[in-house]
$ cat data_30.cif   # mmCIF, C-alpha atoms and all ligand atoms
data_input
#
loop_
_atom_site.label_atom_id
_atom_site.label_comp_id
_atom_site.auth_asym_id
_atom_site.auth_seq_id
_atom_site.Cartn_x
_atom_site.Cartn_y
_atom_site.Cartn_z
CA MET A 1 9.73 -30.42 46.37
CA LEU A 2 6.87 -29.23 44.13
CA GLN A 3 6.41 -29.86 40.42
CA VAL A 4 3.54 -28.21 38.59
CA GLU A 5 3.09 -29.31 34.98
CA ASN A 6 0.74 -27.98 32.34
CA LEU A 7 -1.71 -26.88 35.00
CA THR A 8 -4.92 -25.69 33.36
CA LYS A 9 -8.27 -24.48 34.65
CA ARG A 10 -11.28 -23.89 32.46
CA PHE A 11 -14.53 -22.40 33.70
CA SER A 12 -17.01 -23.56 31.04
CA GLY A 13 -15.24 -22.40 27.88
CA PHE A 14 -13.10 -19.73 29.59
CA VAL A 15 -9.46 -20.62 30.20
CA ALA A 16 -8.44 -18.98 33.51
CA VAL A 17 -5.07 -20.79 33.76
CA ASN A 18 -3.40 -22.13 30.67
CA ARG A 19 -0.75 -24.88 30.84
CA ILE A 20 1.40 -23.38 33.57
CA SER A 21 4.53 -25.28 34.61
CA PHE A 22 7.05 -24.53 37.33
CA ALA A 23 9.06 -26.31 40.01
CA LEU A 24 10.10 -25.38 43.53
CA GLU A 25 13.16 -26.41 45.52
CA GLN A 26 12.94 -27.11 49.23
CA GLY A 27 13.22 -23.87 51.21
CA GLU A 28 12.62 -21.54 48.26
CA ILE A 29 10.29 -18.53 48.29
CA LEU A 30 8.50 -18.11 44.99
CA GLY A 31 6.55 -14.94 44.23
CA LEU A 32 3.49 -15.53 42.04
CA ILE A 33 2.43 -12.17 40.72
CA GLY A 34 0.26 -10.62 38.07
CA PRO A 35 -2.51 -8.08 37.62
CA ASN A 36 -6.13 -8.63 38.67
CA GLY A 37 -7.72 -11.55 36.90
CA SER A 38 -4.43 -13.02 35.68
CA GLY A 39 -5.04 -16.43 37.27
CA LYS A 40 -3.05 -16.22 40.52
CA SER A 41 -5.87 -17.24 42.86
CA THR A 42 -7.05 -19.96 40.49
CA THR A 43 -3.53 -21.45 40.39
CA PHE A 44 -3.24 -21.14 44.15
CA ASN A 45 -6.64 -22.71 44.74
CA MET A 46 -5.80 -25.66 42.52
CA ILE A 47 -2.63 -26.32 44.57
CA ALA A 48 -4.58 -25.93 47.83
CA GLY A 49 -7.40 -28.20 46.60
CA LEU A 50 -10.23 -25.66 46.48
CA LEU A 51 -10.45 -26.11 42.71
CA LYS A 52 -9.89 -29.25 40.69
CA PRO A 53 -7.47 -28.81 37.78
CA SER A 54 -9.01 -29.29 34.33
CA GLU A 55 -5.67 -30.66 33.16
CA GLY A 56 -2.11 -31.04 34.33
CA SER A 57 -0.40 -32.31 37.43
CA ILE A 58 0.73 -31.04 40.83
CA ARG A 59 3.30 -33.27 42.54
CA LEU A 60 4.39 -32.64 46.11
CA GLU A 61 7.56 -34.53 47.02
CA GLY A 62 6.84 -36.90 44.14
CA ARG A 63 3.18 -37.56 45.05
CA GLU A 64 0.30 -36.33 42.90
CA ILE A 65 -1.95 -34.03 44.93
CA GLY A 66 -3.89 -32.41 42.06
CA GLY A 67 -7.64 -32.92 42.60
CA LEU A 68 -7.39 -34.07 46.24
CA ALA A 69 -9.71 -32.47 48.81
CA PRO A 70 -8.34 -29.46 50.77
CA ILE A 71 -8.08 -31.48 54.01
CA GLU A 72 -6.09 -34.21 52.25
CA ILE A 73 -3.78 -31.61 50.75
CA CYS A 74 -3.33 -30.02 54.16
CA HIS A 75 -2.45 -33.40 55.63
CA SER A 76 0.02 -33.93 52.79
CA GLY A 77 1.97 -30.93 54.11
CA VAL A 78 0.50 -27.87 52.39
CA GLY A 79 -0.61 -24.96 54.57
CA ARG A 80 -2.39 -21.89 53.29
CA THR A 81 -3.50 -18.44 54.33
CA PHE A 82 -6.61 -16.74 53.04
CA GLN A 83 -6.68 -13.29 51.48
CA ILE A 84 -9.41 -12.23 53.93
CA PRO A 85 -8.70 -13.57 57.42
CA ARG A 86 -11.73 -15.20 59.01
CA PRO A 87 -10.66 -16.35 62.48
CA PHE A 88 -13.11 -17.80 65.01
CA LYS A 89 -13.97 -14.55 66.77
CA GLN A 90 -15.48 -16.28 69.79
CA LEU A 91 -12.20 -18.11 70.46
CA THR A 92 -9.02 -16.55 71.86
CA ILE A 93 -6.00 -15.98 69.63
CA LEU A 94 -4.28 -19.01 71.16
CA ASP A 95 -7.30 -21.29 70.75
CA ASN A 96 -7.62 -20.27 67.10
CA VAL A 97 -4.09 -21.48 66.50
CA ILE A 98 -4.50 -24.64 68.61
CA THR A 99 -7.57 -25.50 66.50
CA ALA A 100 -5.44 -25.16 63.36
CA ALA A 101 -2.77 -27.44 64.87
CA PHE A 102 -5.40 -30.14 65.44
CA TYR A 103 -6.89 -29.68 61.96
CA GLY A 104 -3.50 -29.93 60.29
CA GLN A 105 -2.53 -33.17 61.92
CA ARG A 106 -5.63 -35.30 61.63
CA GLY A 107 -6.43 -34.69 65.29
CA SER A 108 -3.58 -37.07 66.12
CA VAL A 109 -1.66 -34.59 68.28
CA THR A 110 -2.16 -34.33 72.02
CA ARG A 111 -3.53 -31.10 73.49
CA ALA A 112 -0.06 -30.42 75.00
CA LYS A 113 1.65 -30.87 71.63
CA ALA A 114 -0.94 -28.70 69.86
CA LEU A 115 -0.38 -26.02 72.52
CA ASP A 116 3.40 -26.17 71.96
CA GLN A 117 2.94 -25.86 68.21
CA ALA A 118 0.46 -23.01 68.59
CA GLU A 119 2.79 -21.11 70.92
CA GLU A 120 5.70 -21.64 68.55
CA ALA A 121 3.65 -20.36 65.59
CA LEU A 122 2.43 -17.31 67.52
CA THR A 123 5.95 -16.47 68.67
CA LEU A 124 7.23 -16.82 65.12
CA VAL A 125 4.76 -14.22 63.83
CA GLY A 126 5.12 -11.97 66.88
CA LEU A 127 1.68 -12.42 68.47
CA PRO A 128 1.03 -12.96 72.18
CA THR A 129 0.78 -16.52 73.49
CA ASP A 130 -1.27 -15.24 76.44
CA PRO A 131 -4.29 -17.60 76.72
CA GLN A 132 -6.60 -14.66 77.43
CA ALA A 133 -5.67 -12.54 74.36
CA GLU A 134 -8.76 -11.85 72.27
CA VAL A 135 -9.06 -11.78 68.49
CA ALA A 136 -10.95 -8.47 68.88
CA SER A 137 -7.70 -6.86 70.07
CA LEU A 138 -6.10 -7.37 66.64
CA GLY A 139 -5.98 -4.80 63.83
CA ALA A 140 -5.49 -5.59 60.12
CA ALA A 141 -1.79 -6.42 60.51
CA GLY A 142 -2.49 -8.56 63.60
CA LEU A 143 -5.22 -10.52 61.80
CA LYS A 144 -2.81 -11.25 58.94
CA LYS A 145 -0.28 -12.51 61.49
CA LEU A 146 -2.94 -14.72 63.08
CA GLU A 147 -3.79 -16.10 59.65
CA LEU A 148 -0.11 -16.91 59.14
CA ALA A 149 0.21 -18.48 62.60
CA ARG A 150 -2.81 -20.71 61.91
CA ALA A 151 -1.24 -21.88 58.64
CA ILE A 152 2.14 -22.53 60.31
CA ALA A 153 0.49 -24.47 63.15
CA THR A 154 -0.72 -27.06 60.62
CA GLN A 155 3.02 -27.91 60.26
CA PRO A 156 3.27 -27.40 56.50
CA ARG A 157 6.33 -28.12 54.40
CA LEU A 158 4.84 -25.91 51.69
CA LEU A 159 3.14 -22.67 52.71
CA LEU A 160 0.81 -20.89 50.29
CA ALA A 161 0.48 -17.25 51.33
CA ASP A 162 -2.37 -15.44 49.60
CA GLU A 163 -2.04 -11.67 49.14
CA SER A 164 -0.66 -11.23 52.63
CA LEU A 165 -0.11 -7.49 52.22
CA GLY A 166 -3.55 -6.19 51.24
CA GLY A 167 -4.83 -3.61 53.75
CA LEU A 168 -1.42 -2.95 55.32
CA ASP A 169 0.54 0.32 55.32
CA GLU A 170 4.07 0.43 53.96
CA THR A 171 5.83 -0.21 57.27
CA GLU A 172 3.52 -3.14 57.97
CA MET A 173 4.09 -4.49 54.45
CA ASN A 174 7.86 -4.42 54.90
CA ALA A 175 7.52 -6.11 58.28
CA ALA A 176 5.25 -8.80 56.78
CA ALA A 177 7.74 -9.44 53.96
CA ASP A 178 10.61 -9.74 56.44
CA MET A 179 8.50 -12.09 58.53
CA LEU A 180 8.03 -14.54 55.66
CA GLY A 181 11.81 -14.52 55.16
CA HIS A 182 12.23 -15.19 58.88
CA ILE A 183 9.70 -18.07 58.84
CA ARG A 184 11.50 -19.67 55.91
CA ARG A 185 14.85 -19.45 57.73
CA GLU A 186 13.51 -20.72 61.06
CA LYS A 187 11.33 -23.56 59.75
CA ASN A 188 12.92 -24.25 56.35
CA ILE A 189 9.43 -24.04 54.86
CA THR A 190 9.01 -23.65 51.11
CA ILE A 191 6.73 -20.71 50.31
CA ILE A 192 4.61 -19.59 47.38
CA TRP A 193 3.56 -16.01 47.91
CA VAL A 194 0.72 -14.72 45.76
CA GLU A 195 0.66 -10.97 45.63
CA HIS A 196 0.01 -8.12 43.30
CA ILE A 197 2.07 -5.59 45.25
CA MET A 198 5.36 -6.18 43.55
CA GLY A 199 8.11 -4.03 45.12
CA VAL A 200 7.96 -5.35 48.67
CA LEU A 201 7.66 -8.92 47.52
CA MET A 202 10.81 -8.67 45.43
CA ARG A 203 12.93 -8.06 48.54
CA VAL A 204 12.38 -11.57 49.89
CA VAL A 205 11.52 -13.92 47.02
CA ASP A 206 14.19 -16.08 45.40
CA ARG A 207 12.29 -16.27 42.15
CA ALA A 208 9.22 -14.72 40.60
CA ILE A 209 6.61 -15.95 38.16
CA VAL A 210 4.38 -13.42 36.44
CA LEU A 211 0.98 -14.43 35.09
CA ASP A 212 -1.11 -12.51 32.60
CA HIS A 213 -4.45 -13.71 31.22
CA GLY A 214 -3.77 -17.17 32.62
CA GLU A 215 -0.39 -17.53 30.91
CA LYS A 216 3.05 -17.58 32.49
CA ILE A 217 4.76 -14.63 30.81
CA PHE A 218 7.88 -14.47 32.96
CA GLU A 219 9.94 -16.61 35.33
CA GLY A 220 13.22 -15.44 36.79
CA LEU A 221 15.14 -13.61 39.47
CA PRO A 222 13.59 -10.62 41.26
CA ARG A 223 16.15 -8.25 39.74
CA GLU A 224 15.22 -9.44 36.25
CA VAL A 225 11.47 -9.11 36.62
CA ALA A 226 11.51 -5.31 36.73
CA ARG A 227 13.46 -5.19 33.47
CA ASP A 228 11.30 -7.57 31.46
CA PRO A 229 9.48 -5.69 28.68
CA ARG A 230 6.27 -7.76 28.89
CA VAL A 231 6.08 -7.34 32.64
CA ILE A 232 6.71 -3.61 32.35
CA GLU A 233 3.95 -3.37 29.76
CA ILE A 234 1.30 -5.02 31.95
CA TYR A 235 2.35 -3.23 35.13
CA LEU A 236 3.16 0.18 33.64
CA GLY A 237 1.76 3.11 35.57
CA SER A 238 0.76 2.48 39.15
CA GLU A 239 3.60 0.07 39.82
CA LYS A 240 6.32 2.23 38.26
CA ILE A 241 7.80 3.36 41.57
CA THR A 242 7.90 -0.12 43.03
CA PHE A 243 9.55 -1.34 39.84
CA ASP A 244 12.34 1.16 40.37
CA GLU A 245 12.75 -0.12 43.91
CA ALA A 246 12.80 -3.73 42.77
CA ALA A 247 15.40 -3.01 40.12
CA SER A 248 17.78 -1.13 42.45
N1 LIG B 1 -15.45 -19.67 39.53
C1 LIG B 1 -15.18 -18.97 38.43
N2 LIG B 1 -16.01 -19.00 37.37
C2 LIG B 1 -15.74 -18.31 36.25
N3 LIG B 1 -14.65 -17.54 36.07
C3 LIG B 1 -13.79 -17.47 37.10
C4 LIG B 1 -13.99 -18.17 38.32
N4 LIG B 1 -12.95 -17.90 39.16
C5 LIG B 1 -12.13 -17.06 38.49
N5 LIG B 1 -12.63 -16.81 37.26
C6 LIG B 1 -12.01 -15.95 36.23
O1 LIG B 1 -10.71 -16.46 35.99
C7 LIG B 1 -9.80 -15.39 35.77
C8 LIG B 1 -8.66 -15.48 36.75
O2 LIG B 1 -9.14 -15.17 38.04
P1 LIG B 1 -8.22 -15.21 39.34
O3 LIG B 1 -9.11 -14.91 40.50
O4 LIG B 1 -7.45 -16.47 39.36
O5 LIG B 1 -7.23 -13.98 39.08
P2 LIG B 1 -6.22 -13.29 40.09
O6 LIG B 1 -4.96 -13.10 39.33
O7 LIG B 1 -6.14 -14.06 41.35
O8 LIG B 1 -6.92 -11.89 40.36
P3 LIG B 1 -6.99 -10.99 41.70
O9 LIG B 1 -5.64 -10.37 41.85
O10 LIG B 1 -8.04 -10.00 41.36
O11 LIG B 1 -7.36 -11.89 42.85
C9 LIG B 1 -10.60 -14.10 35.91
O12 LIG B 1 -10.98 -13.67 34.62
C10 LIG B 1 -11.81 -14.52 36.70
O13 LIG B 1 -12.93 -13.73 36.40
#
$ encode --input "data_30.cif" --output "structure tokens"
Amino acid sequence: MLQVENLTKRFSGFVAVNRISFALEQGEILGLIGPNGSGKSTTFNMIAGLLKPSEGSIRLEGREIGGLAPIEICHSGVGRTFQIPRPFKQLTILDNVITAAFYGQRGSVTRAKALDQAEEALTLVGLPTDPQAEVASLGAAGLKKLELARAIATQPRLLLADESLGGLDETEMNAAADMLGHIRREKNITIIWVEHIMGVLMRVVDRAIVLDHGEKIFEGLPREVARDPRVIEIYLGSEKITFDEAAS
């Protein structure tokens, strides 16, 4: 459903992403991982339309979307979450998600339909559909769920999830990983999950791509990633324990 070819981003002379290619099948979950500064967010932001590619192409269901504005990409069927959730604090949880439903569908949905879609998205992530529930009642894990619900309410066929686990404890991380698996099963959404916490991610992704210094240095199955010498070299140390988990 998605073909990325030779995707490149240069900032002045600096090459942040260098000729990356990959493809995604409908319903797949792809983990896009790599250390800080490896080019994950830049790749993600080119797919979501926040950055224009310097070179290369991004085709969604056969249609070129590289270089389109974020709203056009959203309307083409790509939803995204942000690393740092920034909901409308003055709106309720439900109204935040209803707003996203309107945004995602060119305002062409009725209020009743947007409400249905918002309630479905909130139920899917395990948040209350109570019209009074306030954003202020949510902690870090709840805000991440709201971010996910807002993305789902735009009715994407491709969901880009940006570092969904930052700020969560281990139990919450496992729950968040399971939730993405659940969303994929329920909605048959294709997912790209950008993350630098590797172990938890490996439990739910079908395939992983590892970036380093803007280059794709690995693509393969989760069980293979932990055994790849180049990946081990760049992740050695802090990620050792999660590697062991991923490999088992
Ligand atoms: N607007 C920009 N101008 C110049 N350089 C940039 C810009 N955005 C990103 N970069 C550089 O591009 C490289 C890749 O950054 P990117 O944010 O894509 O990495 P990342 O893998 O997402 O890192 P992190 O895990 O820290 O978010 C980094 O060296 C970064 O400093």
$ atom_distance --input "data_30.cif" --atom1 "atom CA of Gly13 of chain A" --atom2 "atom CA of Gln83 of chain A"
26.7 Å
$ closest_residue --input "data_30.cif" --among "A:Pro85, A:Gly67, A:Gly126, A:Gly214" --to "Gly34 of chain A" --atoms "only C-alpha atoms"
A:Gly214
$ atom_distance --input "data_30.cif" --atom1 "atom O7 of ligand LIG 1 (chain B)" --atom2 "atom CA of Ile217 of chain A"
15.2 Å
$ residues_around --input "data_30.cif" --residues "Leu148 of chain A" --least-positions-apart "5" --cutoff "9 Å" --atoms "all atoms listed in the file" --output "PyMOL selection string"
chain A and resi 80-82+121-122+125+143+153+161+164
$ write_last_selection --input "data_30.cif" --atoms "C-alpha atoms" --output "mmCIF file, in the frame of the given file"
data_model
loop_
_atom_site.group_PDB
_atom_site.id
_atom_site.type_symbol
_atom_site.label_atom_id
_atom_site.label_comp_id
_atom_site.auth_asym_id
_atom_site.auth_seq_id
_atom_site.Cartn_x
_atom_site.Cartn_y
_atom_site.Cartn_z
ATOM 1 C CA ARG A 80 -2.390 -21.890 53.290
ATOM 2 C CA THR A 81 -3.500 -18.440 54.330
ATOM 3 C CA PHE A 82 -6.610 -16.740 53.040
ATOM 4 C CA ALA A 121 3.650 -20.360 65.590
ATOM 5 C CA LEU A 122 2.430 -17.310 67.520
ATOM 6 C CA VAL A 125 4.760 -14.220 63.830
ATOM 7 C CA LEU A 143 -5.220 -10.520 61.800
ATOM 8 C CA ALA A 153 0.490 -24.470 63.150
ATOM 9 C CA ALA A 161 0.480 -17.250 51.330
ATOM 10 C CA SER A 164 -0.660 -11.230 52.630
#
$ closest_residue --input "data_30.cif" --among "A:Asp130, A:Glu224, A:Glu64, A:Asp162" --to "ligand LIG 1 (chain B)" --atoms "all atoms listed in the file"
A:Asp162
$ atom_distance --input "data_30.cif" --atom1 "atom CA of Leu146 of chain A" --atom2 "atom CA of Asp178 of chain A"
15.9 Å
$ closest_residue --input "data_30.cif" --among "A:Lys9, A:Lys89, A:Arg19, A:Arg59" --to "ligand LIG 1 (chain B)" --atoms "all atoms listed in the file"
A:Lys9
$ residues_around --input "data_30.cif" --residues "segment 202-210 of chain A" --least-positions-apart "4" --cutoff "8 Å" --atoms "all atoms listed in the file" --output "list in words"
Glu28, Ile29, Leu30, Gly31, Leu32, Ile33, Gly34, Ala177, Asp178, Leu180, Gly181, Met198, Lys216, Ile217, Phe218, Glu219, Gly220, Leu221, Pro222, Arg223, Val225, Val231 and Ala246 of chain A
$ closest_residue --input "data_30.cif" --among "A:Leu138, A:Ser21, A:Leu124, A:Ser38" --to "Arg185 of chain A" --atoms "only C-alpha atoms"
A:Leu124
$ closest_atom_pairs --input "data_30.cif" --of "chain A" --to "ligand LIG 1 (chain B)" --cutoff "9 Å" --atoms "all atoms listed in the file" --output "Markdown table"
| residue | atom | partner | partner_atom | distance |
| --- | --- | --- | --- | --- |
| A:Lys9 | CA | B:LIG1 | O1 | 8.5 |
| A:Arg10 | CA | B:LIG1 | N3 | 8.0 |
| A:Phe11 | CA | B:LIG1 | C2 | 5.0 |
| A:Ser12 | CA | B:LIG1 | C2 | 7.5 |
| A:Phe14 | CA | B:LIG1 | N3 | 7.0 |
| A:Val15 | CA | B:LIG1 | O1 | 7.2 |
| A:Ala16 | CA | B:LIG1 | O1 | 4.2 |
| A:Val17 | CA | B:LIG1 | C8 | 7.1 |
| A:Ile33 | CA | B:LIG1 | O6 | 7.6 |
| A:Gly34 | CA | B:LIG1 | O6 | 5.9 |
| A:Pro35 | CA | B:LIG1 | O9 | 5.7 |
| A:Asn36 | CA | B:LIG1 | O10 | 3.6 |
| A:Gly37 | CA | B:LIG1 | O5 | 3.3 |
| A:Ser38 | CA | B:LIG1 | O6 | 3.7 |
| A:Gly39 | CA | B:LIG1 | O4 | 3.2 |
| A:Lys40 | CA | B:LIG1 | O6 | 3.8 |
| A:Ser41 | CA | B:LIG1 | O7 | 3.5 |
| A:Thr42 | CA | B:LIG1 | O4 | 3.7 |
| A:Thr43 | CA | B:LIG1 | O4 | 6.4 |
| A:Phe44 | CA | B:LIG1 | O4 | 7.9 |
| A:Asn45 | CA | B:LIG1 | O4 | 8.3 |
| A:Leu51 | CA | B:LIG1 | N1 | 8.8 |
| A:Gln83 | CA | B:LIG1 | O11 | 8.8 |
| A:Glu163 | CA | B:LIG1 | O9 | 8.2 |
| A:Val194 | CA | B:LIG1 | O7 | 8.2 |
| A:Glu195 | CA | B:LIG1 | O9 | 7.4 |
| A:His196 | CA | B:LIG1 | O9 | 6.3 |
| A:Leu211 | CA | B:LIG1 | O6 | 7.4 |
| A:Asp212 | CA | B:LIG1 | O6 | 7.8 |
| A:His213 | CA | B:LIG1 | C8 | 7.2 |
| A:Gly214 | CA | B:LIG1 | C8 | 6.6 |
$ write_last_selection --input "data_30.cif" --atoms "C-alpha atoms" --output "compact mmCIF listing (two decimals), in the coordinates of the input"
# COMPACT_ATOMS: atom_id res chain seq x y z
CA LYS A 9 -8.27 -24.48 34.65
CA ARG A 10 -11.28 -23.89 32.46
CA PHE A 11 -14.53 -22.40 33.70
CA SER A 12 -17.01 -23.56 31.04
CA PHE A 14 -13.10 -19.73 29.59
CA VAL A 15 -9.46 -20.62 30.20
CA ALA A 16 -8.44 -18.98 33.51
CA VAL A 17 -5.07 -20.79 33.76
CA ILE A 33 2.43 -12.17 40.72
CA GLY A 34 0.26 -10.62 38.07
CA PRO A 35 -2.51 -8.08 37.62
CA ASN A 36 -6.13 -8.63 38.67
CA GLY A 37 -7.72 -11.55 36.90
CA SER A 38 -4.43 -13.02 35.68
CA GLY A 39 -5.04 -16.43 37.27
CA LYS A 40 -3.05 -16.22 40.52
CA SER A 41 -5.87 -17.24 42.86
CA THR A 42 -7.05 -19.96 40.49
CA THR A 43 -3.53 -21.45 40.39
CA PHE A 44 -3.24 -21.14 44.15
CA ASN A 45 -6.64 -22.71 44.74
CA LEU A 51 -10.45 -26.11 42.71
CA GLN A 83 -6.68 -13.29 51.48
CA GLU A 163 -2.04 -11.67 49.14
CA VAL A 194 0.72 -14.72 45.76
CA GLU A 195 0.66 -10.97 45.63
CA HIS A 196 0.01 -8.12 43.30
CA LEU A 211 0.98 -14.43 35.09
CA ASP A 212 -1.11 -12.51 32.60
CA HIS A 213 -4.45 -13.71 31.22
CA GLY A 214 -3.77 -17.17 32.62
$ closest_residue --input "data_30.cif" --among "A:Ile232, A:Ala133, A:Ile152, A:Ala140" --to "Arg86 of chain A" --atoms "only C-alpha atoms"
A:Ala140
$ closest_residue --input "data_30.cif" --among "A:Asp169, A:Ile20, A:Ile98, A:Ala149" --to "Thr123 of chain A" --atoms "only C-alpha atoms"
A:Ala149
$ residues_around --input "data_30.cif" --residues "Gly77 of chain A" --least-positions-apart "6" --cutoff "8 Å" --atoms "all atoms listed in the file" --output "VMD selection string"
chain A and resid 155 to 158
$ residues_around --input "data_30.cif" --residues "Thr154 of chain A" --least-positions-apart "3" --cutoff "8 Å" --atoms "only C-alpha atoms" --output "count of residues only"
10
$ axis_aligned_box --input "data_30.cif" --around "segment 215-232 of chain A" --padding-each-side "8 Å" --output "JSON"
{"center_x": 7.9, "center_y": -10.6, "center_z": 35.0, "size_x": 32.5, "size_y": 30.0, "size_z": 28.6}
